[in-house]
Amino acid sequence: MNRIALLRCDKLPSFVTWDVPNLEELFEEDKLLQRGFAARGIEAESVVWSRPDVDWNHYDAALIRSTWDYLDDRENFLRVLSQIEASSCRLFNPLAAVRWNMDKRYLFDLASWGVPIIPTYLAAGVDLDALRRTFAEHRWHTAVLKPTVGLGAAYVRRVPLDELESALAGLLAERPEHDYLIQPFIENVVTEGEWSFVYFDGQLSHVLLKQPAPDDYRVQGIYGGTIRVAEPSGDDRSQAEAMLAKLPFDLLYARLDFVRVGGYLAVIEVELIEPIFSFNLVPESIARLVAATRSELETKQLRKK
């Protein structure tokens, strides 16, 4: 029998400063996946990734799922993942993908690989006068500042272009150890929403459409955003698959998040570490991920023979 570790955190990341009455409710997606494995006769156990006493050789696979607190201890997180890869346990997704995906400067790699992205500029060393001219040429009146390392839209700011310099200075004063990306605010985030394409073992499982609350621009549920299952057009599906094919990793799962720019999908985020899949909206997707995991493990066993 295969034994699976579903990696989670035991505390929330430090940016969560609001009260969370029931922490365990946040791990409901993990519990659904655990039951999905059990239905196929596979033992899946919730394991805190930072526990120092885990023998990873006792597991056939480790799936990174709810490890949100890695943001506060990235070096230790990578060290633990290295230990998993050095054991007989198979890590999903692999360390190389995690290391790449942990810093949003991966967007520049995507652009160099021919993947359409939201126009993105690195705040460090940016020529603000030239950036303002670029924004003016494209009639972008509002900018979005986001940390290169972060999740849940923490420390993300939407600011008028004429306040960009002061907003950036404020963020850097508050968190001087962090760098930031500058992007134009894309109105389609509000008018159409953000598309999420979920893939298991390279196959499309389902597509979600996320929309922000009426007075907000962030699509996450903690800010009032909503999410629903959506049917993509054939053209959108082809665009997403072409972008997935550009990623140079052996991925068990991936969630590609897009916003439409100029009529075409452009990447806003690639989620390879601990993406939320919305199993509650698409229950059949649980069996798909379980089957994909089992297939990967069986393929590995065949290679050993």
# chains A, B, ... in the order shown; residues from 1 in each chain; ligands from 1
call {"tool": "residues_around", "arguments": {"residues": "A:Gly125", "least_positions_apart": "6", "cutoff": "12 Å", "atoms": "only C-alpha atoms", "output": "mmCIF file with all heavy atoms, in the first residue's frame"}}
result
data_model
loop_
_atom_site.group_PDB
_atom_site.id
_atom_site.type_symbol
_atom_site.label_atom_id
_atom_site.label_comp_id
_atom_site.auth_asym_id
_atom_site.auth_seq_id
_atom_site.Cartn_x
_atom_site.Cartn_y
_atom_site.Cartn_z
ATOM 1 N N LEU A 131 9.233 54.639 -16.439
ATOM 2 C CA LEU A 131 8.065 53.797 -16.172
ATOM 3 C C LEU A 131 6.780 54.609 -16.319
ATOM 4 O O LEU A 131 5.807 54.123 -16.903
ATOM 5 C CB LEU A 131 8.158 53.199 -14.768
ATOM 6 C CG LEU A 131 7.071 52.186 -14.398
ATOM 7 C CD1 LEU A 131 7.177 50.943 -15.272
ATOM 8 C CD2 LEU A 131 7.163 51.799 -12.929
ATOM 9 N N ASP A 179 11.755 42.826 -1.942
ATOM 10 C CA ASP A 179 11.684 43.560 -3.202
ATOM 11 C C ASP A 179 10.253 43.454 -3.733
ATOM 12 O O ASP A 179 9.481 42.587 -3.307
ATOM 13 C CB ASP A 179 12.681 42.997 -4.205
ATOM 14 C CG ASP A 179 13.042 44.027 -5.274
ATOM 15 O OD1 ASP A 179 12.427 45.112 -5.281
ATOM 16 O OD2 ASP A 179 13.923 43.743 -6.104
ATOM 17 N N TYR A 180 9.944 44.326 -4.690
ATOM 18 C CA TYR A 180 8.579 44.414 -5.189
ATOM 19 C C TYR A 180 8.533 44.436 -6.705
ATOM 20 O O TYR A 180 9.488 44.857 -7.371
ATOM 21 C CB TYR A 180 7.892 45.678 -4.633
ATOM 22 C CG TYR A 180 7.579 45.552 -3.168
ATOM 23 C CD1 TYR A 180 8.558 45.806 -2.204
ATOM 24 C CD2 TYR A 180 6.330 45.123 -2.728
ATOM 25 C CE1 TYR A 180 8.288 45.647 -0.852
ATOM 26 C CE2 TYR A 180 6.056 44.963 -1.388
ATOM 27 C CZ TYR A 180 7.037 45.230 -0.460
ATOM 28 O OH TYR A 180 6.770 45.044 0.872
ATOM 29 N N LEU A 181 7.410 43.952 -7.229
ATOM 30 C CA LEU A 181 7.111 44.058 -8.645
ATOM 31 C C LEU A 181 6.109 45.179 -8.856
ATOM 32 O O LEU A 181 5.261 45.449 -7.990
ATOM 33 C CB LEU A 181 6.521 42.744 -9.172
ATOM 34 C CG LEU A 181 7.375 41.488 -9.029
ATOM 35 C CD1 LEU A 181 6.605 40.270 -9.547
ATOM 36 C CD2 LEU A 181 8.703 41.627 -9.760
ATOM 37 N N ILE A 182 6.208 45.814 -9.999
ATOM 38 C CA ILE A 182 5.260 46.860 -10.383
ATOM 39 C C ILE A 182 4.543 46.389 -11.636
ATOM 40 O O ILE A 182 5.182 46.004 -12.619
ATOM 41 C CB ILE A 182 5.969 48.195 -10.653
ATOM 42 C CG1 ILE A 182 6.793 48.639 -9.438
ATOM 43 C CG2 ILE A 182 4.946 49.277 -11.035
ATOM 44 C CD1 ILE A 182 7.689 49.842 -9.717
#
call {"tool": "select_by_dssp", "arguments": {"residues": "stretch 83-261 of chain A", "states": "strand (DSSP E or B)", "output": "PyMOL selection string"}}
result
chain A and resi 90-92+117+121-122+142-147+157-160+180-184+194-200+203-211+226-229+253-261
call {"tool": "residues_around", "arguments": {"residues": "stretch 78-95 of chain A", "least_positions_apart": "3", "cutoff": "7 Å", "atoms": "only C-alpha atoms", "output": "compact mmCIF listing (two decimals) with N, CA and C atoms, in the first residue's frame"}}
result
# COMPACT_ATOMS: atom_id res chain seq x y z
N TRP A 56 11.27 10.54 6.34
CA TRP A 56 10.57 10.62 5.05
C TRP A 56 10.62 9.30 4.29
N ASN A 57 11.53 8.42 4.67
CA ASN A 57 11.59 7.10 4.02
C ASN A 57 10.36 6.25 4.31
N TYR A 59 7.43 7.20 3.78
CA TYR A 59 6.37 7.61 2.84
C TYR A 59 6.81 7.35 1.41
N ASP A 60 5.84 7.03 0.57
CA ASP A 60 6.11 6.86 -0.85
C ASP A 60 6.09 8.19 -1.58
N ALA A 61 5.28 9.12 -1.08
CA ALA A 61 5.18 10.43 -1.73
C ALA A 61 4.80 11.47 -0.70
N ALA A 62 5.25 12.71 -0.96
CA ALA A 62 4.86 13.86 -0.14
C ALA A 62 4.31 14.93 -1.07
N LEU A 63 3.07 15.34 -0.81
CA LEU A 63 2.42 16.39 -1.60
C LEU A 63 2.43 17.67 -0.78
N ILE A 64 2.99 18.71 -1.34
CA ILE A 64 2.99 20.01 -0.67
C ILE A 64 1.59 20.59 -0.79
N ARG A 74 11.76 30.35 4.89
CA ARG A 74 11.96 29.78 3.56
C ARG A 74 13.17 28.85 3.48
N GLU A 75 14.27 29.25 4.12
CA GLU A 75 15.47 28.43 4.04
C GLU A 75 15.25 27.06 4.68
N VAL A 98 9.64 24.15 -6.98
CA VAL A 98 9.32 24.95 -5.80
C VAL A 98 10.27 26.15 -5.69
N ARG A 99 11.56 25.87 -5.84
CA ARG A 99 12.55 26.93 -5.71
C ARG A 99 12.30 28.03 -6.75
N LEU A 251 5.71 18.04 -13.39
CA LEU A 251 4.73 18.53 -12.42
C LEU A 251 3.60 17.53 -12.22
N LEU A 252 3.27 17.28 -10.95
CA LEU A 252 2.07 16.50 -10.66
C LEU A 252 0.85 17.41 -10.77
N LEU A 272 2.60 26.49 -8.23
CA LEU A 272 3.13 25.13 -8.24
C LEU A 272 3.45 24.61 -6.84
N ILE A 273 3.28 25.44 -5.81
CA ILE A 273 3.71 25.03 -4.47
C ILE A 273 2.52 24.53 -3.65
call {"tool": "closest_residue", "arguments": {"among": "A:Ser233, A:Thr191, A:Gln183, A:Thr293", "to": "A:Phe37", "atoms": "only C-alpha atoms"}}
result
A:Thr293
call {"tool": "closest_residue", "arguments": {"among": "A:Ala292, A:Cys9, A:Leu209, A:Ala230", "to": "A:Glu274", "atoms": "only C-alpha atoms"}}
result
A:Cys9
call {"tool": "atom_distance", "arguments": {"atom1": "atom CA of A:Ile186", "atom2": "atom CA of A:Leu161"}}
result
13.3 Å
call {"tool": "closest_residue", "arguments": {"among": "A:Tyr217, A:Arg35, A:His58, A:Asp53", "to": "A:Asn2", "atoms": "only C-alpha atoms"}}
result
A:His58
call {"tool": "residues_around", "arguments": {"residues": "A:Pro214", "least_positions_apart": "5", "cutoff": "12 Å", "atoms": "only C-alpha atoms", "output": "PyMOL selection string"}}
result
chain A and resi 189-191+193+219+223-226
call {"tool": "atom_distance", "arguments": {"atom1": "atom CA of A:Gly41", "atom2": "atom CA of A:Glu29"}}
result
18.8 Å
call {"tool": "closest_residue", "arguments": {"among": "A:Ile42, A:Tyr155, A:Ser205, A:Pro119", "to": "A:Ser278", "atoms": "only C-alpha atoms"}}
result
A:Ser205
call {"tool": "closest_atom_pairs", "arguments": {"of": "stretch 231-267 of chain A", "to": "stretch 104-110 of chain A", "cutoff": "9 Å", "atoms": "only C-alpha atoms", "output": "Markdown table"}}
result
| residue | atom | partner | partner_atom | distance |
| --- | --- | --- | --- | --- |
| A:Met243 | CA | A:Leu110 | CA | 8.7 |
| A:Lys246 | CA | A:Leu110 | CA | 8.0 |
| A:Leu247 | CA | A:Leu110 | CA | 8.2 |
| A:Val267 | CA | A:Leu107 | CA | 8.1 |
call {"tool": "closest_residue", "arguments": {"among": "A:Ala287, A:Leu7, A:Val207, A:Leu168", "to": "A:Trp49", "atoms": "only C-alpha atoms"}}
result
A:Leu7
call {"tool": "closest_residue", "arguments": {"among": "A:Glu298, A:Glu271, A:Glu284, A:Asp55", "to": "A:Trp100", "atoms": "only C-alpha atoms"}}
result
A:Glu271
call {"tool": "residues_around", "arguments": {"residues": "A:Gln34", "least_positions_apart": "3", "cutoff": "8 Å", "atoms": "only C-alpha atoms", "output": "PyMOL selection string"}}
result
chain A and resi 6+30-31+37-38+43-46
call {"tool": "atom_distance", "arguments": {"atom1": "atom CA of A:Val144", "atom2": "atom CA of A:Pro13"}}
result
22.4 Å
call {"tool": "decode", "arguments": {"residues": "stretch 134-178 of chain A", "atoms": "N, CA and C atoms", "output": "PDB file, in the first residue's frame"}}
result
ATOM      1  N   THR A 134       5.994  54.958 -19.926  1.00  0.00           N
ATOM      2  CA  THR A 134       5.449  53.706 -20.463  1.00  0.00           C
ATOM      3  C   THR A 134       3.988  53.550 -20.082  1.00  0.00           C
ATOM      4  N   PHE A 135       3.674  53.827 -18.826  1.00  0.00           N
ATOM      5  CA  PHE A 135       2.286  53.736 -18.372  1.00  0.00           C
ATOM      6  C   PHE A 135       1.409  54.720 -19.146  1.00  0.00           C
ATOM      7  N   ALA A 136       1.915  55.928 -19.351  1.00  0.00           N
ATOM      8  CA  ALA A 136       1.133  56.954 -20.062  1.00  0.00           C
ATOM      9  C   ALA A 136       0.885  56.531 -21.513  1.00  0.00           C
ATOM     10  N   GLU A 137       1.894  55.937 -22.152  1.00  0.00           N
ATOM     11  CA  GLU A 137       1.748  55.496 -23.540  1.00  0.00           C
ATOM     12  C   GLU A 137       0.655  54.442 -23.682  1.00  0.00           C
ATOM     13  N   HIS A 138       0.523  53.594 -22.658  1.00  0.00           N
ATOM     14  CA  HIS A 138      -0.473  52.527 -22.713  1.00  0.00           C
ATOM     15  C   HIS A 138      -1.783  52.901 -22.009  1.00  0.00           C
ATOM     16  N   ARG A 139      -1.842  54.136 -21.525  1.00  0.00           N
ATOM     17  CA  ARG A 139      -3.029  54.631 -20.812  1.00  0.00           C
ATOM     18  C   ARG A 139      -3.336  53.792 -19.577  1.00  0.00           C
ATOM     19  N   TRP A 140      -2.272  53.394 -18.892  1.00  0.00           N
ATOM     20  CA  TRP A 140      -2.419  52.733 -17.604  1.00  0.00           C
ATOM     21  C   TRP A 140      -2.332  53.805 -16.522  1.00  0.00           C
ATOM     22  N   HIS A 141      -3.403  53.994 -15.793  1.00  0.00           N
ATOM     23  CA  HIS A 141      -3.458  55.088 -14.815  1.00  0.00           C
ATOM     24  C   HIS A 141      -3.210  54.624 -13.377  1.00  0.00           C
ATOM     25  N   THR A 142      -3.223  53.312 -13.193  1.00  0.00           N
ATOM     26  CA  THR A 142      -3.106  52.763 -11.840  1.00  0.00           C
ATOM     27  C   THR A 142      -2.072  51.640 -11.851  1.00  0.00           C
ATOM     28  N   ALA A 143      -1.292  51.566 -10.782  1.00  0.00           N
ATOM     29  CA  ALA A 143      -0.268  50.530 -10.662  1.00  0.00           C
ATOM     30  C   ALA A 143      -0.593  49.598  -9.509  1.00  0.00           C
ATOM     31  N   VAL A 144      -0.082  48.379  -9.602  1.00  0.00           N
ATOM     32  CA  VAL A 144      -0.186  47.407  -8.516  1.00  0.00           C
ATOM     33  C   VAL A 144       1.235  47.066  -8.073  1.00  0.00           C
ATOM     34  N   LEU A 145       1.468  47.179  -6.785  1.00  0.00           N
ATOM     35  CA  LEU A 145       2.745  46.798  -6.186  1.00  0.00           C
ATOM     36  C   LEU A 145       2.541  45.490  -5.451  1.00  0.00           C
ATOM     37  N   LYS A 146       3.430  44.526  -5.679  1.00  0.00           N
ATOM     38  CA  LYS A 146       3.314  43.254  -4.966  1.00  0.00           C
ATOM     39  C   LYS A 146       4.709  42.739  -4.629  1.00  0.00           C
ATOM     40  N   PRO A 147       4.871  42.124  -3.453  1.00  0.00           N
ATOM     41  CA  PRO A 147       6.190  41.579  -3.089  1.00  0.00           C
ATOM     42  C   PRO A 147       6.574  40.427  -3.996  1.00  0.00           C
ATOM     43  N   THR A 148       7.877  40.287  -4.249  1.00  0.00           N
ATOM     44  CA  THR A 148       8.335  39.183  -5.099  1.00  0.00           C
ATOM     45  C   THR A 148       8.121  37.837  -4.423  1.00  0.00           C
ATOM     46  N   VAL A 149       8.063  37.826  -3.086  1.00  0.00           N
ATOM     47  CA  VAL A 149       7.776  36.605  -2.338  1.00  0.00           C
ATOM     48  C   VAL A 149       6.580  36.869  -1.444  1.00  0.00           C
ATOM     49  N   GLY A 150       5.508  36.150  -1.658  1.00  0.00           N
ATOM     50  CA  GLY A 150       4.310  36.363  -0.848  1.00  0.00           C
ATOM     51  C   GLY A 150       3.159  35.532  -1.366  1.00  0.00           C
ATOM     52  N   LEU A 151       2.084  35.497  -0.590  1.00  0.00           N
ATOM     53  CA  LEU A 151       0.869  34.804  -1.008  1.00  0.00           C
ATOM     54  C   LEU A 151      -0.332  35.475  -0.375  1.00  0.00           C
ATOM     55  N   GLY A 152      -1.504  35.128  -0.889  1.00  0.00           N
ATOM     56  CA  GLY A 152      -2.731  35.672  -0.331  1.00  0.00           C
ATOM     57  C   GLY A 152      -2.886  37.166  -0.501  1.00  0.00           C
ATOM     58  N   ALA A 153      -2.203  37.764  -1.494  1.00  0.00           N
ATOM     59  CA  ALA A 153      -2.251  39.212  -1.750  1.00  0.00           C
ATOM     60  C   ALA A 153      -1.771  40.037  -0.563  1.00  0.00           C
ATOM     61  N   ALA A 154      -0.963  39.426   0.312  1.00  0.00           N
ATOM     62  CA  ALA A 154      -0.416  40.164   1.449  1.00  0.00           C
ATOM     63  C   ALA A 154       0.564  41.225   0.954  1.00  0.00           C
ATOM     64  N   TYR A 155       0.441  42.419   1.499  1.00  0.00           N
ATOM     65  CA  TYR A 155       1.303  43.560   1.180  1.00  0.00           C
ATOM     66  C   TYR A 155       1.197  43.992  -0.289  1.00  0.00           C
ATOM     67  N   VAL A 156       0.108  43.651  -0.924  1.00  0.00           N
ATOM     68  CA  VAL A 156      -0.146  44.130  -2.282  1.00  0.00           C
ATOM     69  C   VAL A 156      -0.879  45.469  -2.183  1.00  0.00           C
ATOM     70  N   ARG A 157      -0.479  46.416  -3.021  1.00  0.00           N
ATOM     71  CA  ARG A 157      -1.092  47.750  -2.999  1.00  0.00           C
ATOM     72  C   ARG A 157      -1.505  48.146  -4.413  1.00  0.00           C
ATOM     73  N   ARG A 158      -2.704  48.721  -4.531  1.00  0.00           N
ATOM     74  CA  ARG A 158      -3.132  49.341  -5.786  1.00  0.00           C
ATOM     75  C   ARG A 158      -3.099  50.845  -5.580  1.00  0.00           C
ATOM     76  N   VAL A 159      -2.356  51.560  -6.411  1.00  0.00           N
ATOM     77  CA  VAL A 159      -2.157  52.993  -6.186  1.00  0.00           C
ATOM     78  C   VAL A 159      -2.267  53.754  -7.503  1.00  0.00           C
ATOM     79  N   PRO A 160      -2.769  54.997  -7.460  1.00  0.00           N
ATOM     80  CA  PRO A 160      -2.725  55.850  -8.656  1.00  0.00           C
ATOM     81  C   PRO A 160      -1.273  56.059  -9.077  1.00  0.00           C
ATOM     82  N   LEU A 161      -1.062  56.248 -10.341  1.00  0.00           N
ATOM     83  CA  LEU A 161       0.295  56.352 -10.860  1.00  0.00           C
ATOM     84  C   LEU A 161       1.081  57.473 -10.192  1.00  0.00           C
ATOM     85  N   ASP A 162       0.419  58.586  -9.892  1.00  0.00           N
ATOM     86  CA  ASP A 162       1.149  59.708  -9.293  1.00  0.00           C
ATOM     87  C   ASP A 162       1.511  59.468  -7.820  1.00  0.00           C
ATOM     88  N   GLU A 163       1.016  58.364  -7.243  1.00  0.00           N
ATOM     89  CA  GLU A 163       1.371  58.024  -5.864  1.00  0.00           C
ATOM     90  C   GLU A 163       2.309  56.816  -5.794  1.00  0.00           C
ATOM     91  N   LEU A 164       2.754  56.363  -6.950  1.00  0.00           N
ATOM     92  CA  LEU A 164       3.570  55.159  -7.007  1.00  0.00           C
ATOM     93  C   LEU A 164       4.852  55.298  -6.199  1.00  0.00           C
ATOM     94  N   GLU A 165       5.548  56.398  -6.367  1.00  0.00           N
ATOM     95  CA  GLU A 165       6.840  56.567  -5.704  1.00  0.00           C
ATOM     96  C   GLU A 165       6.699  56.562  -4.193  1.00  0.00           C
ATOM     97  N   SER A 166       5.711  57.290  -3.677  1.00  0.00           N
ATOM     98  CA  SER A 166       5.535  57.359  -2.219  1.00  0.00           C
ATOM     99  C   SER A 166       5.057  56.028  -1.663  1.00  0.00           C
ATOM    100  N   ALA A 167       4.193  55.311  -2.405  1.00  0.00           N
ATOM    101  CA  ALA A 167       3.709  54.013  -1.939  1.00  0.00           C
ATOM    102  C   ALA A 167       4.850  53.011  -1.892  1.00  0.00           C
ATOM    103  N   LEU A 168       5.701  53.031  -2.901  1.00  0.00           N
ATOM    104  CA  LEU A 168       6.842  52.119  -2.935  1.00  0.00           C
ATOM    105  C   LEU A 168       7.807  52.429  -1.797  1.00  0.00           C
ATOM    106  N   ALA A 169       8.048  53.708  -1.560  1.00  0.00           N
ATOM    107  CA  ALA A 169       8.946  54.103  -0.472  1.00  0.00           C
ATOM    108  C   ALA A 169       8.399  53.641   0.873  1.00  0.00           C
ATOM    109  N   GLY A 170       7.083  53.726   1.053  1.00  0.00           N
ATOM    110  CA  GLY A 170       6.464  53.292   2.296  1.00  0.00           C
ATOM    111  C   GLY A 170       6.609  51.795   2.515  1.00  0.00           C
ATOM    112  N   LEU A 171       6.408  51.009   1.457  1.00  0.00           N
ATOM    113  CA  LEU A 171       6.548  49.562   1.575  1.00  0.00           C
ATOM    114  C   LEU A 171       7.987  49.163   1.865  1.00  0.00           C
ATOM    115  N   LEU A 172       8.922  49.816   1.208  1.00  0.00           N
ATOM    116  CA  LEU A 172      10.329  49.480   1.422  1.00  0.00           C
ATOM    117  C   LEU A 172      10.799  49.891   2.809  1.00  0.00           C
ATOM    118  N   ALA A 173      10.223  50.957   3.340  1.00  0.00           N
ATOM    119  CA  ALA A 173      10.566  51.362   4.705  1.00  0.00           C
ATOM    120  C   ALA A 173      10.002  50.370   5.718  1.00  0.00           C
ATOM    121  N   GLU A 174       8.804  49.851   5.427  1.00  0.00           N
ATOM    122  CA  GLU A 174       8.156  48.906   6.332  1.00  0.00           C
ATOM    123  C   GLU A 174       8.809  47.539   6.277  1.00  0.00           C
ATOM    124  N   ARG A 175       9.221  47.116   5.074  1.00  0.00           N
ATOM    125  CA  ARG A 175       9.798  45.785   4.893  1.00  0.00           C
ATOM    126  C   ARG A 175      11.036  45.897   4.001  1.00  0.00           C
ATOM    127  N   PRO A 176      12.122  46.450   4.528  1.00  0.00           N
ATOM    128  CA  PRO A 176      13.304  46.738   3.695  1.00  0.00           C
ATOM    129  C   PRO A 176      13.990  45.506   3.126  1.00  0.00           C
ATOM    130  N   GLU A 177      13.707  44.345   3.692  1.00  0.00           N
ATOM    131  CA  GLU A 177      14.366  43.118   3.218  1.00  0.00           C
ATOM    132  C   GLU A 177      13.673  42.531   1.995  1.00  0.00           C
ATOM    133  N   HIS A 178      12.573  43.136   1.551  1.00  0.00           N
ATOM    134  CA  HIS A 178      11.794  42.585   0.443  1.00  0.00           C
ATOM    135  C   HIS A 178      11.915  43.463  -0.798  1.00  0.00           C
TER     136      HIS A 178
END
